[in-house]
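Comments concern the structure below.
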Protein chains: 2
Amino acid sequence: MTRTSLDHHNCSFARALELIGDRWSLMIIRDAFYGIRRFSDFKQRLGITQAVLSSRLADLIAHDILSKGPSSHGSGHEEYRLTDRGRDLFPVVISLMQWGDRWIHGQSGPPIIVTEKNSHEPIDPVIVSSRGKALSPKDLSYEPGAGASAETLAFLQKRGHS
Amino acid sequence: MTRTSLDHHNCSFARALELIGDRWSLMIIRDAFYGIRRFSDFKQRLGITQAVLSSRLADLIAHDILSKGPSSHGSGHEEYRLTDRGRDLFPVVISLMQWGDRWIHGQSGPPIIVTEKNSHEPIDPVIVSSRGKALSPKDLSYEPGAGASAETLAFLQKRGHS
C-alpha cells in the first residue's frame, strides 16, 4: 500500500494515525506496555526483521513515543521506554485489546486478562462518557474547535453536526 | 511494507489490528462514526482512488465492521453502515482522537470538539479504570486467560506478570 501522508488532514485522528498507524509500530507500543524494553526482546516477540524493527523504533523515537537510553539495571543494554506521550496511548491500546477480547476471542476466552495489580480485579470496559455517564455514538455532536480549518467548518456544517 | 499476517498471534490486540489496523480502514471507520454513508462521500473525504476505497470497504464488510444496504431515505443509493461490531470500536476511535487533540493539536486547539448532543458539554477524556477508579499502566497486571496459548503462558511467566 502506498503510504500517502495524512499530515495535511485537519483531524486529530488522521494525524495520530500518521504517527502510530502502522501495524508494527502499534505492536511495538503494545509490547512496550507489557514491559518489553530491549531490541532483542521486541525482535523475538514480533518475529520481524532487524531492519524493519530498527526503522519502526527510529520512527517512534523521532515522534517522541519512545525514548532510548541505558538500562536502569546497569546491564549496559540500551532500553526503549514509552515517553509521556507514548504512555498516554494507554486507553487506545487497552480499548483495542478489549474489542478483540469481545469480538475475536469471544468464544475461546481472552488470551490475557488485564487486572488491577493489587486487587486482581479485571479492569472495567473502556467507555466514552460525559460527566461520568456512558455515551453511545448517537449521543455525540461534533463542533468546530479553535484549530478547525475552513474545510472542517464546511464539513461540519454539511453534516449538520455544528 | 509487507503485510505479514498477525492472524497467528495469541493476542486480542494483534488480531484486532489484522482486521482494522490499516490506515485507510481506520479512516473509513472514523468517517462512518461522523455519519458518512455513501461511497462518493467517503471518496471525497479521504481523497483516495476508487480501487483502494472499494478494496477497503469490501474488507470491512468481510470482517463484519460495515454492512452495505439500500439507503434508509429511499434514494436508491447504497449505504455503508457500522455493524454492532464496528460501532463497538467507539472508545478506540474517540481515545485516539483525544490523544491527537492533546499531543498534536495541543497548541492550535482541536479541529473538532466532541460534545454530548443535548448538553453540548465536551465529553470526558477516555480512561482505563477498575471499579471506576482511574488506572495508569503501572497499576496493571496481565494474567493468563482461558484462550492463552503455551507461548502466551511462557511470556507472562517470564515477564513476571502472572
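Residues in the C-alpha cells are named by chain (A, B, ... in the order shown) and by number from 1 within that chain; ligands are numbered from 1 in the order shown.
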
Among chain A, which ones does DSSP place in strand (DSSP E or B), written as an MDAnalysis selection string? chainID A and resid 66:70 78:82 112:116 122 129:130 133:134 140:144

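If you count only C-alpha atoms and ignore residues fewer than 5 places along the chain from Leu140 (chain B), what sits within 12 Å of it is Phe33, Tyr34, Gly35, Phe90, Ile94, Ile112, Ile113, Val114, Thr115, Glu116, Lys117, Asn118, Ser119, His120, Glu121, Pro122, Ile123 and Asp124 of chain A; Val128, Ser129, Ser130, Ala134, Leu135, His161 and Ser162 of chain B.
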
C-alpha atoms of the current selection, written as a JSON list (two decimals), in the first residue's frame:
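Everything below was put into out_37.json:
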```json
[["chain", "number", "residue", "atom", "x", "y", "z"],
["A", 33, "PHE", "CA", 3.11, -1.52, 27.67],
["A", 34, "TYR", "CA", 3.83, -5.16, 28.57],
["A", 35, "GLY", "CA", 7.22, -4.02, 29.84],
["A", 90, "PHE", "CA", -2.84, 3.68, 27.20],
["A", 94, "ILE", "CA", -6.43, -1.20, 26.14],
["A", 112, "ILE", "CA", -4.70, -12.37, 28.54],
["A", 113, "ILE", "CA", -6.82, -10.91, 31.32],
["A", 114, "VAL", "CA", -5.86, -7.38, 32.32],
["A", 115, "THR", "CA", -6.33, -6.82, 36.03],
["A", 116, "GLU", "CA", -5.65, -4.17, 38.63],
["A", 117, "LYS", "CA", -2.37, -5.25, 40.21],
["A", 118, "ASN", "CA", -3.35, -5.12, 43.86],
["A", 119, "SER", "CA", -6.92, -6.37, 43.78],
["A", 120, "HIS", "CA", -6.51, -8.74, 40.80],
["A", 121, "GLU", "CA", -9.92, -7.44, 39.70],
["A", 122, "PRO", "CA", -10.37, -7.35, 35.92],
["A", 123, "ILE", "CA", -10.34, -3.76, 34.69],
["A", 124, "ASP", "CA", -13.55, -2.06, 33.50],
["B", 128, "VAL", "CA", -8.66, 2.98, 31.83],
["B", 129, "SER", "CA", -10.28, 2.16, 35.15],
["B", 130, "SER", "CA", -11.08, -0.56, 37.65],
["B", 134, "ALA", "CA", -8.60, 5.65, 37.02],
["B", 135, "LEU", "CA", -5.53, 3.47, 36.43],
["B", 161, "HIS", "CA", 3.14, -10.66, 35.28],
["B", 162, "SER", "CA", 1.25, -13.79, 36.24]]
```

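Using only C-alpha atoms, the shortest contact distance between chain A and any of B:Arg102, B:Ser54, B:Met97, B:Phe155 is found at B:Met97.
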
DSSP on the backbone: which residues in region 78-149 of chain B end up as helix (DSSP H, G or I)? Give the answer as JSON, numbers by chain. {"B": [84, 85, 86, 87, 90, 91, 92, 93, 94, 95, 96, 97, 98, 99, 100, 101, 102, 103, 137, 138, 139]}

Check the smallest atom-to-atom distance from each of A:Asp31, A:Ala148, A:Ala154, A:Gly76 to chain B using only C-alpha atoms, then report the winner.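 Ranking A:Asp31, A:Ala148, A:Ala154, A:Gly76 by distance to chain B, first place goes to A:Ala148.
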
Env of Leu26 (chain A): 9 Å cut, atoms = only C-alpha atoms, seq-sep filter 6 positions within chain, self excluded. Answer as a ChimeraX atom specification. /A:20,93 /B:14,17,21

Create the file for the chosen residues now, containing all heavy atoms and written as a PDB file, in the first residue's frame.
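Produced file again_35.pdb, reproduced below:
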```
ATOM      1  N   ILE A  20       1.373   6.793  14.406  1.00  0.00           N
ATOM      2  CA  ILE A  20       1.406   5.452  15.008  1.00  0.00           C
ATOM      3  C   ILE A  20       0.563   4.421  14.271  1.00  0.00           C
ATOM      4  O   ILE A  20       0.460   3.290  14.713  1.00  0.00           O
ATOM      5  CB  ILE A  20       0.906   5.485  16.465  1.00  0.00           C
ATOM      6  CG1 ILE A  20      -0.494   6.113  16.524  1.00  0.00           C
ATOM      7  CG2 ILE A  20       1.852   6.244  17.368  1.00  0.00           C
ATOM      8  CD1 ILE A  20      -1.353   5.511  17.577  1.00  0.00           C
ATOM      9  N   VAL A  93      -4.686   1.558  23.432  1.00  0.00           N
ATOM     10  CA  VAL A  93      -4.194   0.175  23.400  1.00  0.00           C
ATOM     11  C   VAL A  93      -5.154  -0.756  24.146  1.00  0.00           C
ATOM     12  O   VAL A  93      -5.532  -1.817  23.648  1.00  0.00           O
ATOM     13  CB  VAL A  93      -2.771   0.103  24.004  1.00  0.00           C
ATOM     14  CG1 VAL A  93      -2.317  -1.344  24.194  1.00  0.00           C
ATOM     15  CG2 VAL A  93      -1.784   0.862  23.112  1.00  0.00           C
TER      16      VAL A  93
ATOM     17  N   ALA B  14      -3.290  -7.836  18.566  1.00  0.00           N
ATOM     18  CA  ALA B  14      -2.715  -8.170  17.257  1.00  0.00           C
ATOM     19  C   ALA B  14      -3.802  -8.617  16.282  1.00  0.00           C
ATOM     20  O   ALA B  14      -3.828  -8.206  15.121  1.00  0.00           O
ATOM     21  CB  ALA B  14      -1.666  -9.281  17.417  1.00  0.00           C
ATOM     22  N   LEU B  17      -5.788  -5.686  15.112  1.00  0.00           N
ATOM     23  CA  LEU B  17      -5.029  -4.925  14.096  1.00  0.00           C
ATOM     24  C   LEU B  17      -5.100  -5.601  12.741  1.00  0.00           C
ATOM     25  O   LEU B  17      -5.115  -4.933  11.711  1.00  0.00           O
ATOM     26  CB  LEU B  17      -3.561  -4.799  14.497  1.00  0.00           C
ATOM     27  CG  LEU B  17      -3.223  -3.779  15.570  1.00  0.00           C
ATOM     28  CD1 LEU B  17      -1.710  -3.733  15.754  1.00  0.00           C
ATOM     29  CD2 LEU B  17      -3.743  -2.397  15.207  1.00  0.00           C
ATOM     30  N   GLY B  21      -6.276  -2.645  11.317  1.00  0.00           N
ATOM     31  CA  GLY B  21      -5.057  -1.863  11.523  1.00  0.00           C
ATOM     32  C   GLY B  21      -4.425  -1.392  10.229  1.00  0.00           C
ATOM     33  O   GLY B  21      -3.214  -1.396  10.081  1.00  0.00           O
TER      34      GLY B  21
END
```

If we count only C-alpha atoms and set the cut-off at 7 Å, which residues sit around Glu78 (chain B), ignoring sequence neighbours fewer than 2 positions away in its own chain? Please answer as a list in words. Arg38, Lys68, Gly69, Pro70, Ser71, Gly76 and Tyr80 of chain B

Take the residues just selected and output them with all heavy atoms as an mmCIF file, in the first residue's frame.
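Listing of result31.cif after writing:
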```cif
data_model
loop_
_atom_site.group_PDB
_atom_site.id
_atom_site.type_symbol
_atom_site.label_atom_id
_atom_site.label_comp_id
_atom_site.auth_asym_id
_atom_site.auth_seq_id
_atom_site.Cartn_x
_atom_site.Cartn_y
_atom_site.Cartn_z
ATOM 1 N N ARG B 38 -22.139 7.110 2.122
ATOM 2 C CA ARG B 38 -22.093 6.805 0.694
ATOM 3 C C ARG B 38 -20.675 6.712 0.152
ATOM 4 O O ARG B 38 -19.798 7.479 0.563
ATOM 5 C CB ARG B 38 -22.786 7.916 -0.102
ATOM 6 C CG ARG B 38 -24.262 7.921 0.087
ATOM 7 C CD ARG B 38 -24.854 8.889 -0.922
ATOM 8 N NE ARG B 38 -26.239 9.164 -0.592
ATOM 9 C CZ ARG B 38 -26.962 10.092 -1.196
ATOM 10 N NH1 ARG B 38 -26.405 10.840 -2.156
ATOM 11 N NH2 ARG B 38 -28.209 10.282 -0.860
ATOM 12 N N LYS B 68 -23.542 -3.248 4.068
ATOM 13 C CA LYS B 68 -23.941 -2.468 2.901
ATOM 14 C C LYS B 68 -25.404 -2.761 2.613
ATOM 15 O O LYS B 68 -25.823 -3.919 2.648
ATOM 16 C CB LYS B 68 -23.074 -2.917 1.711
ATOM 17 C CG LYS B 68 -23.293 -2.155 0.429
ATOM 18 C CD LYS B 68 -22.339 -2.707 -0.633
ATOM 19 C CE LYS B 68 -22.577 -2.072 -1.991
ATOM 20 N NZ LYS B 68 -21.670 -2.650 -3.009
ATOM 21 N N GLY B 69 -26.160 -1.707 2.366
ATOM 22 C CA GLY B 69 -27.572 -1.928 2.070
ATOM 23 C C GLY B 69 -28.168 -0.683 1.453
ATOM 24 O O GLY B 69 -27.495 0.343 1.343
ATOM 25 N N PRO B 70 -29.438 -0.781 1.042
ATOM 26 C CA PRO B 70 -30.073 0.380 0.414
ATOM 27 C C PRO B 70 -30.222 1.534 1.403
ATOM 28 O O PRO B 70 -30.331 1.323 2.610
ATOM 29 C CB PRO B 70 -31.445 -0.152 -0.015
ATOM 30 C CG PRO B 70 -31.657 -1.404 0.767
ATOM 31 C CD PRO B 70 -30.311 -1.942 1.127
ATOM 32 N N SER B 71 -30.214 2.740 0.887
ATOM 33 C CA SER B 71 -30.367 3.942 1.703
ATOM 34 C C SER B 71 -31.672 3.915 2.486
ATOM 35 O O SER B 71 -32.702 3.480 1.980
ATOM 36 C CB SER B 71 -30.354 5.173 0.787
ATOM 37 O OG SER B 71 -30.948 6.267 1.436
ATOM 38 N N GLY B 76 -32.211 5.255 -3.361
ATOM 39 C CA GLY B 76 -31.662 4.317 -4.338
ATOM 40 C C GLY B 76 -30.153 4.143 -4.209
ATOM 41 O O GLY B 76 -29.584 3.233 -4.801
ATOM 42 N N TYR B 80 -23.190 2.402 3.403
ATOM 43 C CA TYR B 80 -22.304 1.609 4.256
ATOM 44 C C TYR B 80 -22.520 2.076 5.686
ATOM 45 O O TYR B 80 -22.382 3.268 5.975
ATOM 46 C CB TYR B 80 -20.843 1.810 3.857
ATOM 47 C CG TYR B 80 -20.569 1.384 2.435
ATOM 48 C CD1 TYR B 80 -20.794 2.245 1.363
ATOM 49 C CD2 TYR B 80 -20.109 0.098 2.160
ATOM 50 C CE1 TYR B 80 -20.570 1.839 0.054
ATOM 51 C CE2 TYR B 80 -19.883 -0.319 0.859
ATOM 52 C CZ TYR B 80 -20.112 0.559 -0.192
ATOM 53 O OH TYR B 80 -19.898 0.152 -1.473
#
```

Hey, which of B:Asp41, B:Asp59, B:Glu151, B:Asp88 ends up closest to chain A? Count only C-alpha atoms.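 Distance minimum relative to chain A lands on B:Asp88.
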
Contacts of Gly86 (chain B) within 12 Å, only C-alpha atoms, excl. fewer than 3 positions in-chain, as a ChimeraX atom specification: /A:96,99-100,102-103,137 /B:16,19-20,25-26,28-30,32-33,60-67,80-83,89-93

Report, in Å to a single decimal, how far apart CA of Ser136 (chain B) and CA of Asp101 (chain B) are.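 For CA of Asp101 (chain B) relative to CA of Ser136 (chain B), the distance reads 19.6 Å.
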
Expressed in Å to a single decimal, how great is the separation between CA of Arg45 (chain A) and CA of Ser108 (chain A)?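 Computed distance, CA of Arg45 (chain A) to CA of Ser108 (chain A), equals 22.2 Å.
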
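Separating CA of Gln157 (chain A) from CA of Lys43 (chain B) is a distance of 18.5 Å.
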
Could you give me, as a PyMOL selection string, the residues within 9 Å of Val52 (chain B), counting only C-alpha atoms and dropping anything in the same chain fewer than 4 positions from it? (chain A and resi 1) or (chain B and resi 24+48+56-57)
